[in-house]
Every structure is written in structure tokens, then in C-alpha cells.
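Student: This is entry-v6.cif, which holds mmCIF, C-alpha atoms:
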```cif
data_coords
loop_
_atom_site.label_atom_id
_atom_site.label_comp_id
_atom_site.auth_asym_id
_atom_site.auth_seq_id
_atom_site.Cartn_x
_atom_site.Cartn_y
_atom_site.Cartn_z
CA MET D 30 -42.58 30.55 -18.29
CA GLY D 31 -43.05 33.84 -20.08
CA LEU D 32 -42.74 34.70 -23.72
CA PHE D 33 -39.37 36.30 -23.16
CA SER D 34 -37.99 33.83 -20.60
CA LYS D 35 -37.49 30.13 -20.16
CA ASP D 36 -36.87 27.81 -17.23
CA ILE D 37 -33.62 25.88 -16.97
CA VAL D 38 -33.45 22.92 -14.57
CA VAL D 39 -30.00 22.01 -13.32
CA PRO D 40 -29.95 18.40 -12.00
CA PRO D 41 -28.55 17.49 -8.56
CA ASN D 42 -24.74 17.30 -8.28
CA THR D 43 -24.43 19.37 -11.44
CA ALA D 44 -23.32 22.88 -12.34
CA GLY D 45 -24.93 24.79 -15.20
CA VAL D 46 -22.47 27.10 -16.96
CA VAL D 47 -24.37 29.87 -18.77
CA PHE D 48 -23.00 31.58 -21.88
CA LYS D 49 -24.42 34.46 -23.89
CA ASP D 50 -23.07 34.89 -27.39
CA SER D 51 -20.22 32.54 -26.43
CA GLN D 52 -19.31 34.72 -23.46
CA PHE D 53 -19.38 33.38 -19.90
CA GLN D 54 -22.24 34.73 -17.79
CA GLU D 55 -22.63 32.70 -14.60
CA VAL D 56 -22.59 29.27 -12.95
CA LEU D 57 -25.96 27.91 -11.84
CA GLY D 58 -26.37 25.44 -9.00
CA PRO D 59 -28.89 22.57 -8.88
CA GLY D 60 -32.52 23.65 -9.20
CA LYS D 61 -34.81 25.64 -11.48
CA HIS D 62 -33.57 28.89 -12.99
CA ARG D 63 -35.16 31.43 -15.31
CA LEU D 64 -33.15 32.73 -18.25
CA PRO D 65 -34.04 34.95 -21.21
CA ASN D 66 -35.72 32.99 -23.99
CA SER D 67 -33.07 33.67 -26.57
CA GLU D 68 -30.90 31.52 -28.80
CA SER D 69 -27.94 33.60 -27.73
CA TYR D 70 -28.07 31.87 -24.32
CA LEU D 71 -26.54 28.45 -23.88
CA THR D 72 -26.20 26.36 -20.72
CA VAL D 73 -23.60 23.59 -20.45
CA MET D 74 -24.14 21.01 -17.71
CA LEU D 75 -21.05 19.78 -15.86
CA PRO D 76 -21.12 17.01 -13.19
CA GLN D 77 -19.90 17.99 -9.73
CA VAL D 78 -19.52 14.48 -8.33
CA SER D 79 -16.12 12.83 -8.06
CA LYS D 80 -14.95 10.91 -11.11
CA MET D 81 -12.47 8.06 -11.50
CA LEU D 82 -9.88 7.68 -14.23
CA LEU D 83 -8.08 4.33 -14.63
CA VAL D 84 -4.71 4.30 -16.40
CA THR D 85 -3.31 0.83 -17.15
CA ASN D 86 -0.20 -0.92 -18.50
CA GLN D 87 2.31 1.87 -18.07
CA GLU D 88 5.88 0.61 -18.51
CA VAL D 89 8.93 2.23 -16.98
CA LEU D 90 12.49 1.35 -15.91
CA SER D 91 13.51 1.29 -12.27
CA LYS D 92 16.67 3.01 -11.08
CA ASP D 93 18.61 -0.22 -11.66
CA ASN D 94 17.15 -0.56 -15.18
CA ILE D 95 14.58 -3.28 -14.46
CA ALA D 96 11.44 -2.92 -16.59
CA PHE D 97 8.08 -3.15 -14.85
CA ARG D 98 4.46 -2.22 -15.49
CA PHE D 99 2.04 -0.32 -13.31
CA SER D 100 -1.55 0.90 -13.31
CA TYR D 101 -3.15 3.62 -11.24
CA PHE D 102 -6.43 5.36 -10.42
CA VAL D 103 -7.02 9.11 -10.50
CA PHE D 104 -9.94 10.49 -8.49
CA TYR D 105 -10.97 14.08 -9.20
CA ARG D 106 -13.89 16.48 -9.47
CA ILE D 107 -14.62 19.69 -11.37
CA ALA D 108 -14.01 22.35 -8.74
CA ASP D 109 -14.11 25.50 -10.87
CA PRO D 110 -16.57 25.17 -13.79
CA LYS D 111 -15.66 28.57 -15.25
CA LEU D 112 -11.91 27.84 -15.30
CA PHE D 113 -12.59 24.34 -16.58
CA MET D 114 -14.48 25.74 -19.57
CA GLU D 115 -11.56 28.05 -20.33
CA LYS D 116 -9.07 25.16 -20.46
CA VAL D 117 -10.89 22.88 -22.92
CA ASN D 118 -12.34 23.20 -26.39
CA PHE D 119 -15.95 24.28 -26.19
CA ASP D 120 -18.53 21.61 -26.87
CA ARG D 121 -22.24 21.54 -26.13
CA ASN D 122 -21.72 18.02 -24.81
CA GLY D 123 -19.99 18.46 -21.47
CA TYR D 124 -18.68 14.88 -21.48
CA ASN D 125 -16.55 15.53 -24.56
CA MET D 126 -14.87 18.36 -22.69
CA ILE D 127 -14.42 16.13 -19.64
CA TYR D 128 -12.68 13.53 -21.81
CA GLU D 129 -10.31 16.17 -23.15
CA ALA D 130 -9.51 17.38 -19.63
CA GLU D 131 -8.90 13.80 -18.48
CA GLN D 132 -6.39 13.26 -21.27
CA LYS D 133 -4.48 16.36 -20.24
CA LEU D 134 -4.60 15.39 -16.57
CA GLN D 135 -3.51 11.83 -17.32
CA ALA D 136 -0.50 12.93 -19.37
CA LEU D 137 0.77 15.32 -16.71
CA ILE D 138 0.22 12.94 -13.79
CA GLN D 139 1.79 10.06 -15.69
CA ILE D 140 5.04 12.01 -16.04
CA GLU D 141 5.07 12.74 -12.31
CA ILE D 142 4.44 9.10 -11.37
CA ARG D 143 7.15 7.89 -13.74
CA ASN D 144 9.62 10.24 -12.09
CA ILE D 145 8.69 8.87 -8.65
CA LEU D 146 8.88 5.18 -9.53
CA SER D 147 11.94 5.38 -11.78
CA GLY D 148 13.89 6.88 -8.88
CA LEU D 149 13.61 3.65 -6.86
CA GLN D 150 15.56 0.41 -7.09
CA SER D 151 13.58 -2.66 -8.19
CA GLU D 152 14.07 -4.26 -4.78
CA GLU D 153 12.74 -1.12 -3.09
CA LEU D 154 9.70 -1.12 -5.36
CA ASN D 155 8.99 -4.76 -4.55
CA GLU D 156 9.35 -4.25 -0.79
CA GLN D 157 7.53 -0.91 -0.62
CA ARG D 158 4.67 -1.55 -3.04
CA SER D 159 2.16 -1.61 -0.18
CA SER D 160 3.31 1.84 1.00
CA LEU D 161 3.29 3.28 -2.52
CA THR D 162 -0.48 3.12 -2.85
CA THR D 163 -0.91 6.89 -2.58
CA LEU D 164 1.11 8.76 -5.21
CA ARG D 165 -0.54 12.17 -5.02
CA THR D 166 1.88 15.10 -4.83
CA ASP D 167 1.62 18.89 -4.53
CA ARG D 168 2.70 19.21 -8.15
CA MET D 169 -0.19 16.99 -9.26
CA ASP D 170 -2.59 19.13 -7.21
CA ALA D 171 -1.28 22.24 -8.96
CA VAL D 172 -1.66 20.65 -12.40
CA ALA D 173 -5.25 19.67 -11.65
CA ALA D 174 -6.11 23.08 -10.20
CA ASP D 175 -4.82 24.75 -13.36
CA LEU D 176 -7.47 22.78 -15.28
CA GLY D 177 -10.23 23.80 -12.88
CA LEU D 178 -10.15 20.38 -11.22
CA GLU D 179 -9.65 19.22 -7.64
CA LEU D 180 -7.44 16.16 -7.37
CA LEU D 181 -8.84 13.88 -4.67
CA ASP D 182 -6.35 11.02 -4.84
CA VAL D 183 -3.90 9.16 -7.07
CA THR D 184 -3.71 5.50 -6.10
CA LEU D 185 -1.43 2.76 -7.38
CA ARG D 186 -3.56 -0.14 -8.57
CA ASP D 187 -0.85 -2.71 -9.29
CA LEU D 188 2.84 -3.04 -10.03
CA THR D 189 4.22 -6.09 -11.82
CA PHE D 190 7.68 -7.29 -12.77
CA PRO D 191 8.67 -9.76 -15.51
CA LYS D 192 8.39 -13.45 -14.56
CA ASN D 193 12.15 -13.96 -14.20
CA ILE D 194 12.43 -10.99 -11.84
CA GLN D 195 9.49 -12.26 -9.79
CA ASP D 196 11.26 -15.63 -9.46
CA LEU D 197 14.39 -13.88 -8.18
CA PHE D 198 12.36 -11.97 -5.59
CA ALA D 199 10.70 -15.23 -4.50
CA LYS D 200 14.08 -16.94 -4.06
CA GLN D 201 15.40 -13.95 -2.14
CA LEU D 202 12.40 -14.06 0.19
CA GLU D 203 12.81 -17.81 0.67
CA SER D 204 16.48 -17.29 1.54
CA LYS D 205 15.59 -14.63 4.11
CA ILE D 206 12.98 -16.88 5.73
CA ARG D 207 15.41 -19.81 5.84
CA SER D 208 18.13 -17.65 7.39
CA LYS D 209 15.71 -16.38 10.01
CA THR D 210 14.60 -19.93 10.83
CA ASP D 211 18.21 -21.12 11.12
CA LEU D 212 18.98 -18.21 13.42
CA GLU D 213 16.01 -19.02 15.66
CA ASN D 214 17.04 -22.68 15.79
CA ALA D 215 20.59 -21.71 16.73
CA ARG D 216 19.30 -19.47 19.50
CA THR D 217 17.15 -22.33 20.81
CA VAL D 218 20.12 -24.71 20.85
CA VAL D 219 22.26 -22.18 22.71
CA ALA D 220 19.49 -21.52 25.24
CA THR D 221 19.00 -25.26 25.81
CA ALA D 222 22.73 -25.83 26.28
CA ARG D 223 22.88 -22.95 28.73
CA ALA D 224 19.94 -24.35 30.69
CA LEU D 225 21.55 -27.82 30.85
CA LYS D 226 24.81 -26.31 31.99
CA ASN D 227 23.05 -24.37 34.74
CA ALA D 228 21.20 -27.51 35.82
CA ALA D 229 24.45 -29.46 35.93
CA GLU D 230 26.04 -26.77 38.06
CA MET D 231 23.09 -26.90 40.45
CA MET D 232 23.33 -30.69 40.75
CA LYS D 233 27.05 -30.48 41.32
CA ASP D 234 26.84 -28.00 44.17
CA ASP D 235 23.59 -29.11 45.81
CA GLU D 236 23.83 -32.26 47.98
CA ASN D 237 20.08 -32.90 47.85
CA MET D 238 20.13 -32.78 44.07
CA ARG D 239 23.06 -35.16 44.03
CA PHE D 240 21.20 -37.55 46.31
CA MET D 241 18.08 -37.42 44.12
CA HIS D 242 20.22 -38.15 41.09
CA TYR D 243 21.75 -41.07 43.00
CA LEU D 244 18.31 -42.51 43.74
CA GLU D 245 17.24 -42.06 40.14
CA THR D 246 20.30 -43.98 38.97
CA ILE D 247 19.55 -46.84 41.37
CA SER D 248 15.95 -46.95 40.16
CA LYS D 249 17.05 -47.27 36.55
CA ILE D 250 19.45 -50.09 37.44
CA ALA D 251 16.74 -51.89 39.41
CA GLU D 252 14.36 -51.77 36.45
CA LYS D 253 16.74 -53.96 34.43
CA GLY D 254 16.66 -56.96 36.78
CA LYS D 255 16.81 -58.25 40.32
CA HIS D 256 19.61 -56.60 42.21
CA SER D 257 20.54 -56.22 45.83
CA PHE D 258 21.72 -52.88 47.07
CA VAL D 259 23.48 -52.12 50.30
CA ILE D 260 23.15 -48.49 51.21
CA GLY D 261 25.17 -47.25 54.08
CA ASP D 262 25.04 -44.11 56.08
CA ARG D 263 24.34 -41.07 53.95
CA GLU D 264 27.37 -39.45 55.47
CA LEU D 265 29.46 -42.20 53.90
CA TRP D 266 27.77 -41.58 50.52
CA LYS D 267 28.65 -37.93 50.72
CA GLY D 268 32.24 -38.86 51.19
CA ASP D 269 34.88 -37.60 53.51
CA LYS D 270 35.21 -33.86 53.05
CA SER D 271 38.01 -33.46 55.56
#
```
Reformat the file's structure so that it appears as C-alpha cells.
Tutor:
Amino acid sequence: MGLFSKDIVVPPNTAGVVFKDSQFQEVLGPGKHRLPNSESYLTVMLPQVSKMLLVTNQEVLSKDNIAFRFSYFVFYRIADPKLFMEKVNFDRNGYNMIYEAEQKLQALIQIEIRNILSGLQSEELNEQRSSLTTLRTDRMDAVAADLGLELLDVTLRDLTFPKNIQDLFAKQLESKIRSKTDLENARTVVATARALKNAAEMMKDDENMRFMHYLETISKIAEKGKHSFVIGDRELWKGDKS
């Protein structure tokens, strides 16, 4: 380090934004850098890793005027340090500026999410909550980019209805399951009846089947006591078909 210069170390996953007399100069990457040793130079460190913002207990009305609450995650990173610095109030502490940017991002994304969810019926929200996990839109990307940020994802954390509405959904689900079970049982009964009818038709038209049924009947009668049976010619049993 010389008398007229000083070393600046930018940590890993960080960008160093250099200002001279409050005017932007350059963005430094991780590593050691030499800058003039002057109070007119200032370096603000901004993290480049992805960050997570959790927004909870947001209340909105569905399309059919049912109130519900939702929470969501916002994942983002500072993509353009220079633009980012232009969009927030200057502060030597980079984290204060990050907080300000997050508040702006949260407000704009919240409006977009409310518009999405309020356009759905409560029943649709309940049935599609698993497919609504990703809420990121092109408009959200544009809002983030305008702040010098890259929006990585917007994910629905949870969505809850009032207790009485949850009970209605539970009863509706129970009714659907019962109806499905009744339908399956009815199909089984019809299939069984059809099988019995087909078997009866086979026994009616097949002489061997008729004879086996005849023997089975005799066996059942014999099991009940001592009986004597006189069985004549099978041709007589079949009857006169002339």
C-alpha cells in the first residue's frame, strides 16, 4: 500500500460499488483492489448471493367473496449493483438499502399476487392450491429488474380459509368420496349380476353343465339323511326332445 493508494478487499459473493465525491465510478468483483487513498472515495459492499423474503398473513377476497389468508416467499438477487444504487436512498450500510429495496419489491409483488388469487373462486383455490405454488409472472420480473434485481422465484407458502369454510370443503370432499364409493359398489353389483346371468345361460344350454348341477343337487339332498336314489338312463334324464 502506497502513501497515495489503499487496498480494498471485496469478500466472496459480493460486489463493491465505488463512488468518488458521491458519483458512481465502477463495480469491483471479489478480491483485492487498489484505490486512491482519498476520503472522496467510498466503496459500498452489496451481497451477490440469492436472498429470501417471507411475506405472511396477507388477506384477500376470492372471486366469490370468501376471505382467506396467504403467505409467500420471494427469492431474488442483486443483478445490477449500479442500477440498484440508483433506485434506493444512499446509505453506507448496504443492508439498509437492501431493506428499502425489499419493501418496494414486496409492495409491487403483493399487488400482482392479489390480482391473481382474487380472480379465482374459493373452490378453485382449494382444489388448485398445490399447483399455485409458483406465482412468478413476467410483470414481477420487470418490476424486479427495474430495481436492479433478478427475481428467481415467487412461491406460495400457505393458503388458509376460515374454519367454517374449511368444514364445508371437508364435507364436500366426503360427499364426493361417498358418491364415488357408491358408484363403484353399483358397478360391482351390475357386473356380478351379469356374470350370474351368463352362467345361468351356460347351464341352461349346456347338457353337461345341467348334469353336473343335477349331481350337485343330489349330493346336497344326500347330506341331509339316508335316501335311496334310482337313476335311470341318462337319455331319460335329458327328456324326450322329439
Student: For each of D:Asp93, D:Thr43, D:Leu180, D:Thr217, take the minimum atom-to-atom distance to Thr166 of chain D, counting all atoms listed in the file, then give the residue where this is smallest.
Tutor: D:Leu180
Student: Considering only C-alpha atoms, state which residue in the set D:Val38, D:Ile145, D:Ile138, D:Leu83 is at the smallest distance from Gly60 of chain D.
Tutor: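 Between D:Val38, D:Ile145, D:Ile138, D:Leu83, the residue approaching Gly60 of chain D most closely is D:Val38.
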Student: Around the point (-8.0, -1.0, -8.0) (coordinates from the file), which residues reach within 12 Å if we count only C-alpha atoms? Answer as a list in words.
Tutor: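 Using only C-alpha atoms, the matching residues come out as Met81, Leu82, Leu83, Val84, Thr85, Phe99, Ser100, Tyr101, Phe102, Val103, Phe104, Thr162, Thr163, Val183, Thr184, Leu185, Arg186, Asp187 and Leu188 of chain D.
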Student: Given only C-alpha atoms as the basis, pick out the residue of D:Thr221, D:Ala136, D:Ile37, D:Leu178 nearest to Gly58 of chain D.
Tutor: D:Ile37
Student: As a check of understanding, name the residues that the PyMOL selection byres ((chain D and resi 151) around 10) selects in the supplied structure, as a VMD selection string.
Tutor: chain D and resid 90 to 97 146 to 150 152 to 157 190 194 198
Student: Rounded to one decimal place, report the atom CA of Asp50 of chain D-atom CA of Ala108 of chain D distance in Å.
Tutor: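 If I compute the distance from atom CA of Asp50 of chain D to atom CA of Ala108 of chain D, I get 24.2 Å.
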Student: For Ala174 of chain D, please output as a list in words all residues within 12 Å (counting all atoms listed in the file; exclusion window: fewer than 6 positions along the same chain).
Tutor: Tyr105, Arg106, Ile107, Ala108, Asp109, Pro110, Leu112, Phe113, Lys116, Ala130, Leu134, Asp167, Arg168, Leu180 and Leu181 of chain D
Student: Export C-alpha atoms of the chosen residues as a CSV table (one decimal), in the coordinates of the input?
Tutor:
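Okay, result-v9.csv is ready:
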```
chain,number,residue,atom,x,y,z
D,105,TYR,CA,-11.0,14.1,-9.2
D,106,ARG,CA,-13.9,16.5,-9.5
D,107,ILE,CA,-14.6,19.7,-11.4
D,108,ALA,CA,-14.0,22.4,-8.7
D,109,ASP,CA,-14.1,25.5,-10.9
D,110,PRO,CA,-16.6,25.2,-13.8
D,112,LEU,CA,-11.9,27.8,-15.3
D,113,PHE,CA,-12.6,24.3,-16.6
D,116,LYS,CA,-9.1,25.2,-20.5
D,130,ALA,CA,-9.5,17.4,-19.6
D,134,LEU,CA,-4.6,15.4,-16.6
D,167,ASP,CA,1.6,18.9,-4.5
D,168,ARG,CA,2.7,19.2,-8.2
D,180,LEU,CA,-7.4,16.2,-7.4
D,181,LEU,CA,-8.8,13.9,-4.7
```
Student: May I have the protein, DNA and RNA residues with an atom at most 12 Å from (-32.2, 23.9, -16.6), counting all atoms listed in the file in the file's coordinates, returned as a PyMOL selection string?
Tutor: chain D and resi 35-41+43-47+56-64+70-75
Student: Provide the atom CA of Gln87 of chain D to atom CA of Tyr128 of chain D distance in Å, to one decimal place.
Tutor: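 Atom-to-atom, atom CA of Gln87 of chain D to atom CA of Tyr128 of chain D, that is 19.4 Å.
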Student: Take atom CA of Asp175 of chain D and atom CA of Leu161 of chain D and report the distance between them in Å, one decimal.
Tutor: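 Separating atom CA of Asp175 of chain D from atom CA of Leu161 of chain D is a distance of 25.4 Å.
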